[in-house]
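A.B. asks: Hey, dropping query.tsv in here, TSV, C-alpha atoms:
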chain	number	residue	atom	x	y	z
K	1	MET	CA	-5.52	9.56	13.68
K	2	THR	CA	-5.76	6.13	15.26
K	3	GLY	CA	-5.39	2.75	13.63
K	4	GLN	CA	-9.15	2.23	13.96
K	5	ASP	CA	-9.77	5.49	12.06
K	6	LEU	CA	-7.48	4.26	9.28
K	7	MET	CA	-9.26	0.91	9.18
K	8	ALA	CA	-12.64	2.65	8.92
K	9	GLY	CA	-11.43	4.73	5.99
K	10	MET	CA	-9.78	1.84	4.17
K	11	HIS	CA	-12.54	-0.80	3.99
K	12	GLY	CA	-12.04	-3.13	1.07
K	13	ARG	CA	-8.28	-2.73	1.14
K	14	ASN	CA	-5.78	-5.40	2.16
K	15	ILE	CA	-5.04	-4.01	5.61
K	16	ALA	CA	-5.07	-5.07	9.24
K	17	PHE	CA	-4.72	-3.28	12.58
K	18	LEU	CA	-2.15	-4.65	15.03
K	19	ASP	CA	-2.05	-3.86	18.72
K	20	SER	CA	1.12	-2.93	20.61
K	21	ALA	CA	1.92	-6.65	21.10
K	22	PHE	CA	1.76	-7.17	17.27
K	23	GLN	CA	-1.46	-9.21	17.52
K	24	LEU	CA	-3.97	-8.80	14.67
K	25	ARG	CA	-7.02	-7.02	16.13
K	26	GLU	CA	-8.96	-5.98	13.00
K	27	VAL	CA	-8.49	-7.64	9.63
K	28	SER	CA	-10.03	-6.72	6.28
K	29	ALA	CA	-11.29	-9.48	4.01
K	30	GLY	CA	-8.69	-8.45	1.42
K	31	PHE	CA	-5.83	-8.87	3.90
K	32	ALA	CA	-7.11	-12.29	5.01
K	33	LYS	CA	-7.45	-13.40	1.39
K	34	GLN	CA	-3.68	-13.04	0.94
K	35	PHE	CA	-3.31	-15.89	3.46
K	36	ASP	CA	-6.25	-18.00	2.20
K	37	CYS	CA	-8.12	-17.31	5.45
K	38	ARG	CA	-11.27	-15.65	6.65
K	39	ALA	CA	-10.74	-12.35	8.46
K	40	ALA	CA	-12.22	-13.74	11.70
K	41	ASP	CA	-9.71	-16.63	11.64
K	42	LEU	CA	-6.75	-14.21	11.69
K	43	VAL	CA	-7.93	-12.04	14.58
K	44	GLY	CA	-5.68	-12.73	17.59
K	45	THR	CA	-2.85	-14.12	15.45
K	46	ASP	CA	0.69	-12.87	15.97
K	47	PHE	CA	1.53	-10.80	12.87
K	48	THR	CA	5.23	-11.72	13.00
K	49	CYS	CA	4.32	-15.42	12.65
K	50	LEU	CA	2.18	-15.02	9.51
K	51	PHE	CA	5.11	-15.40	7.16
K	52	GLY	CA	6.72	-18.43	8.76
K	53	PRO	CA	9.86	-18.91	10.81
K	54	ASP	CA	12.17	-17.63	8.05
K	55	HIS	CA	10.79	-14.10	8.42
K	56	GLU	CA	9.56	-14.08	12.01
K	57	MET	CA	12.68	-12.59	13.63
K	58	VAL	CA	13.15	-9.98	10.90
K	59	LEU	CA	9.55	-8.82	11.24
K	60	LEU	CA	9.76	-8.79	15.02
K	61	GLY	CA	12.90	-6.62	14.86
K	62	LEU	CA	11.31	-4.19	12.41
K	63	CYS	CA	8.10	-3.95	14.47
K	64	LEU	CA	10.06	-3.40	17.68
K	65	SER	CA	12.02	-0.63	15.97
K	66	LEU	CA	8.76	1.10	14.97
K	67	GLN	CA	7.43	0.62	18.48
K	68	ARG	CA	10.50	2.27	20.02
K	69	THR	CA	10.21	5.38	17.84
K	70	GLY	CA	6.39	5.44	17.87
K	71	ASP	CA	6.48	6.64	14.27
K	72	GLY	CA	7.55	5.52	10.83
K	73	VAL	CA	6.97	2.80	8.29
K	74	PHE	CA	8.78	-0.20	6.83
K	75	ARG	CA	8.32	-2.14	3.61
K	76	GLU	CA	9.39	-5.71	2.94
K	77	HIS	CA	8.81	-8.36	0.29
K	78	LEU	CA	8.07	-11.65	2.07
K	79	VAL	CA	7.21	-15.16	0.95
K	80	VAL	CA	3.93	-16.79	1.94
K	81	ARG	CA	3.40	-20.50	1.38
K	82	ARG	CA	-0.03	-21.67	0.31
K	83	GLY	CA	0.32	-25.44	0.33
K	84	ARG	CA	2.96	-26.09	-2.32
K	85	VAL	CA	2.61	-22.65	-3.86
K	86	ARG	CA	4.88	-19.80	-2.82
K	87	GLN	CA	3.79	-16.21	-3.28
K	88	VAL	CA	5.76	-13.04	-2.61
K	89	LEU	CA	3.78	-10.34	-0.83
K	90	GLY	CA	4.68	-6.70	-0.52
K	91	VAL	CA	4.19	-5.87	3.16
K	92	VAL	CA	3.94	-2.34	4.56
K	93	VAL	CA	3.68	-1.65	8.30
K	94	ARG	CA	3.07	1.86	9.64
K	95	ALA	CA	3.11	2.96	13.28
K	96	VAL	CA	-0.11	4.73	14.30
K	97	GLN	CA	-1.58	5.84	17.59
K	98	GLY	CA	-2.53	2.71	19.50
K	99	GLY	CA	-0.63	0.20	17.40
K	100	PHE	CA	0.21	-0.47	13.76
K	101	VAL	CA	-1.53	-0.71	10.41
K	102	ALA	CA	-0.22	-3.43	8.10
K	103	SER	CA	-1.00	-4.10	4.46
K	104	ALA	CA	-0.15	-7.11	2.32
K	105	HIS	CA	-0.45	-7.20	-1.46
K	106	PRO	CA	0.84	-9.56	-4.11
K	107	SER	CA	4.26	-8.29	-5.10
K	108	ALA	CA	4.28	-7.32	-8.74
K	109	ARG	CA	6.73	-5.41	-10.84
K	110	PRO	CA	6.08	-2.71	-13.41
K	111	HIS	CA	7.69	-2.84	-16.81
K	112	ALA	CA	11.39	-2.01	-16.98
K	113	GLY	CA	12.09	1.69	-16.70
K	114	PHE	CA	8.65	2.65	-15.31
K	115	THR	CA	8.77	6.23	-14.04
K	116	LEU	CA	6.17	8.61	-12.67
K	117	SER	CA	6.93	12.34	-12.69
K	118	ALA	CA	6.03	14.63	-9.80
K	119	ALA	CA	3.18	16.14	-11.84
K	120	ASN	CA	1.77	12.71	-12.72
K	121	ALA	CA	2.18	11.59	-9.09
K	122	ARG	CA	-0.10	14.46	-8.03
K	123	ILE	CA	-2.67	13.42	-10.67
K	124	LEU	CA	-2.53	9.76	-9.60
K	125	GLU	CA	-2.99	10.65	-5.91
K	126	ARG	CA	-6.09	12.70	-6.70
K	127	VAL	CA	-7.55	10.00	-8.96
K	128	ALA	CA	-6.98	7.47	-6.14
K	129	GLU	CA	-8.78	9.83	-3.76
K	130	GLY	CA	-11.82	9.70	-6.05
K	131	ARG	CA	-11.64	13.25	-7.35
K	132	THR	CA	-13.27	14.13	-10.67
K	133	ALA	CA	-11.48	15.80	-13.57
K	134	ASP	CA	-13.01	19.19	-12.73
K	135	GLN	CA	-11.97	18.84	-9.06
K	136	ILE	CA	-8.44	17.91	-10.13
K	137	ALA	CA	-8.38	20.88	-12.51
K	138	ALA	CA	-9.37	23.20	-9.64
K	139	ASP	CA	-6.83	21.60	-7.25
K	140	LEU	CA	-3.96	21.99	-9.71
K	141	ASP	CA	-5.12	25.27	-11.26
K	142	ILE	CA	-5.32	23.85	-14.78
K	143	GLY	CA	-8.11	23.62	-17.35
K	144	GLU	CA	-10.63	20.79	-17.16
K	145	GLN	CA	-9.65	19.40	-20.58
K	146	SER	CA	-6.00	19.55	-19.58
K	147	ALA	CA	-6.85	17.60	-16.42
K	148	ARG	CA	-8.69	14.97	-18.51
K	149	ASN	CA	-5.70	14.66	-20.85
K	150	ARG	CA	-3.28	14.28	-17.94
K	151	ILE	CA	-5.48	11.67	-16.26
K	152	ALA	CA	-5.58	9.70	-19.51
K	153	ALA	CA	-1.77	9.97	-19.80
K	154	VAL	CA	-1.29	8.62	-16.26
K	155	LEU	CA	-3.68	5.73	-16.93
K	156	ALA	CA	-1.77	4.97	-20.13
K	157	GLN	CA	1.46	4.69	-18.10
K	158	PHE	CA	-0.15	1.70	-16.37
K	159	GLY	CA	-1.34	0.32	-19.70
K	160	GLU	CA	-4.98	0.95	-18.78
K	161	THR	CA	-7.90	3.12	-19.85
K	162	SER	CA	-9.98	2.40	-16.75
K	163	GLN	CA	-9.21	4.32	-13.55
K	164	SER	CA	-10.02	1.34	-11.33
K	165	SER	CA	-7.67	-0.97	-13.29
K	166	ALA	CA	-4.86	1.60	-13.23
K	167	LEU	CA	-5.31	2.13	-9.48
K	168	SER	CA	-5.24	-1.64	-8.88
K	169	LYS	CA	-1.90	-1.80	-10.71
K	170	ALA	CA	-0.58	1.26	-8.85
K	171	TYR	CA	-1.26	-0.46	-5.51
K	172	ALA	CA	-0.01	-3.86	-6.68
K	173	TRP	CA	3.20	-2.35	-8.07
K	174	GLY	CA	3.84	-0.45	-4.85
K	175	VAL	CA	3.50	2.97	-6.51
K	176	LEU	CA	0.69	4.00	-4.15
K	177	ASP	CA	1.10	3.39	-0.43
K	178	PRO	CA	-1.86	1.20	0.66
K	179	SER	CA	-1.49	2.08	4.32
K	180	VAL	CA	-2.20	5.84	4.19
K	181	TRP	CA	-5.14	8.10	3.48
K	182	PRO	CA	-5.32	10.30	1.52
K	183	PRO	CA	-3.48	8.24	-1.11
K	184	ARG	CA	0.20	9.03	-1.55
K	185	VAL	CA	2.77	7.91	-4.08
K	186	VAL	CA	5.64	6.04	-2.46
K	187	ALA	CA	9.01	7.70	-3.06
K	188	ALA	CA	11.54	5.34	-4.57
K	189	ARG	CA	14.71	4.93	-2.53
K	190	SER	CA	16.89	5.58	-5.55
K	191	CYS	CA	15.09	8.79	-6.42
K	192	PRO	CA	16.43	12.17	-5.29
K	193	SER	CA	12.97	13.76	-5.14
K	194	PRO	CA	10.39	12.24	-2.80
K	195	SER	CA	7.58	13.21	-5.16
K	196	VAL	CA	8.97	11.30	-8.15
K	197	TRP	CA	8.49	7.56	-8.26
K	198	THR	CA	10.75	5.47	-10.42
K	199	LYS	CA	11.40	1.79	-10.57
K	200	ALA	CA	13.31	-0.33	-13.03
K	201	GLY	CA	12.00	-3.82	-13.74
Could you write out this file's structure as structure tokens?
C.D. replies:
Amino acid sequence: MTGQDLMAGMHGRNIAFLDSAFQLREVSAGFAKQFDCRAADLVGTDFTCLFGPDHEMVLLGLCLSLQRTGDGVFREHLVVRRGRVRQVLGVVVRAVQGGFVASAHPSARPHAGFTLSAANARILERVAEGRTADQIAADLDIGEQSARNRIAAVLAQFGETSQSSALSKAYAWGVLDPSVWPPRVVAARSCPSPSVWTKAG
């Protein structure tokens, strides 16, 4: 899958496609909004310069490392200045065929002790993919009512009853990886199992 394929499947998300020289080639409106710009204004910009001179060399080093291996992903929390306001963005960059896909989202933190079990991670991924309760039930070989109950339990973990609100929080908190499709829960570094996400506030 190429970066352009990922961009086509992720419209509306805060992502951008970078070429092999780390120049922004395609930019979603959501990505541009994080920098108070229009998408067209960012096309041609050097990605490593977006976050100012404090982060430029770090980003360049990380991007070069991905370029050398041709595979992989890195995640950083970087400061963006909007006039006098400073905002921390969670930035994810993934190597893809033909370049890189980057995402930038406001960095937010879940409540202290937030955890997501492997079973709930599977539910969340399927909800994010747009599957219905009966499709999730069939995928996981469980009853439809059981699937509905488990979906409600996952939404409650995010303090929401609406799927769209819970998914927004899951992306903002860094629980779901915004740079991949189909949606996948990000494994916490401190967690022994890659399918269990946990983060303390």
A.B. asks: Between CA of Gly143 (chain K) and CA of Ser162 (chain K), what is the distance, to one decimal in Å?
C.D. replies: 21.3 Å
A.B. asks: Using only C-alpha atoms, which of K:Arg148, K:Ser28, K:Val185, K:Glu129 sits nearest Asp41 (chain K)?
C.D. replies: K:Ser28
A.B. asks: So that I can check the surroundings of Phe31 (chain K), please list as a list in words every protein, DNA and RNA residue that reaches within 9 Å of it, counting all atoms listed in the file and ignoring chain neighbours fewer than 5 positions away.
C.D. replies: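 In the requested form, the answer reads Gly12, Arg13, Asn14, Ile15, Ala16, Cys37, Ala39, Ala102, Ser103, Ala104 and His105 of chain K.
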A.B. asks: In Å to one decimal, how far is CA of Pro183 (chain K) from CA of Asp139 (chain K)?
C.D. replies: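 Separating CA of Asp139 (chain K) from CA of Pro183 (chain K) is a distance of 15.1 Å.
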A.B. asks: From the set K:Ala138, K:Leu167, K:Ala29, K:Val93, which residue has the shortest atom-to-atom contact distance to Leu60 (chain K), counting all atoms listed in the file?
C.D. replies: K:Val93
A.B. asks: Quick one: everything within 6 Å of Arg184 (chain K), counting all atoms listed in the file, minus sequence neighbours fewer than 4 positions away in the same chain. Send it as a PyMOL selection string.
C.D. replies: chain K and resi 125+176-177
A.B. asks: Write out as a PyMOL selection string the residues lying within 12 Å of Asn149 (chain K), counting only C-alpha atoms and excluding same-chain residues fewer than 2 positions away.
C.D. replies: chain K and resi 120+123+133-134+136-137+142-147+151-156+161
A.B. asks: With only C-alpha atoms as the atoms that count, which of K:Lys169, K:Arg126, K:Lys33, K:His55 lies nearest to Val79 (chain K)?
C.D. replies: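 Checking each of K:Lys169, K:Arg126, K:Lys33, K:His55 against Val79 (chain K), counting only C-alpha atoms, the winner is K:His55.
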A.B. asks: For Ala166 (chain K), which residue among K:Arg94, K:Ala128, K:Asp141, K:Leu59 is the nearest when counting all atoms listed in the file?
C.D. replies: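 Between K:Arg94, K:Ala128, K:Asp141, K:Leu59, the residue approaching Ala166 (chain K) most closely is K:Ala128.
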A.B. asks: Counting only C-alpha atoms, which residue out of K:Leu78, K:Ala95, K:Leu124, K:Leu42 sits closest to Val58 (chain K)?
C.D. replies: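 For Val58 (chain K), the nearest of the candidates is K:Leu78.
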A.B. asks: Work out how far apart CA of Val92 (chain K) and CA of Phe74 (chain K) are and give it in Å to one decimal.
C.D. replies: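 Result for CA of Val92 (chain K) versus CA of Phe74 (chain K): 5.8 Å, one decimal.
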A.B. asks: Using all atoms listed in the file, pick whichever of K:Phe47, K:Gly130, K:Gly174, K:Trp181 has the shortest atom-to-atom distance to Leu62 (chain K).
C.D. replies: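 Among K:Phe47, K:Gly130, K:Gly174, K:Trp181, it is K:Phe47 that comes nearest to Leu62 (chain K).
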A.B. asks: Please list as a ChimeraX atom specification every residue within 8 Å of Phe100 (chain K), counting all atoms listed in the file and excluding residues in the same chain fewer than 6 positions away.
C.D. replies: /K:3,17-20,22,93-94
A.B. asks: For a quick check of your reading of the model, name the residues lying within 10 Å of the coordinate (4.2, -15.9, 9.4), counting all atoms listed in the file, and write them as a PyMOL selection string.
C.D. replies: chain K and resi 35+45-56+59+78-81
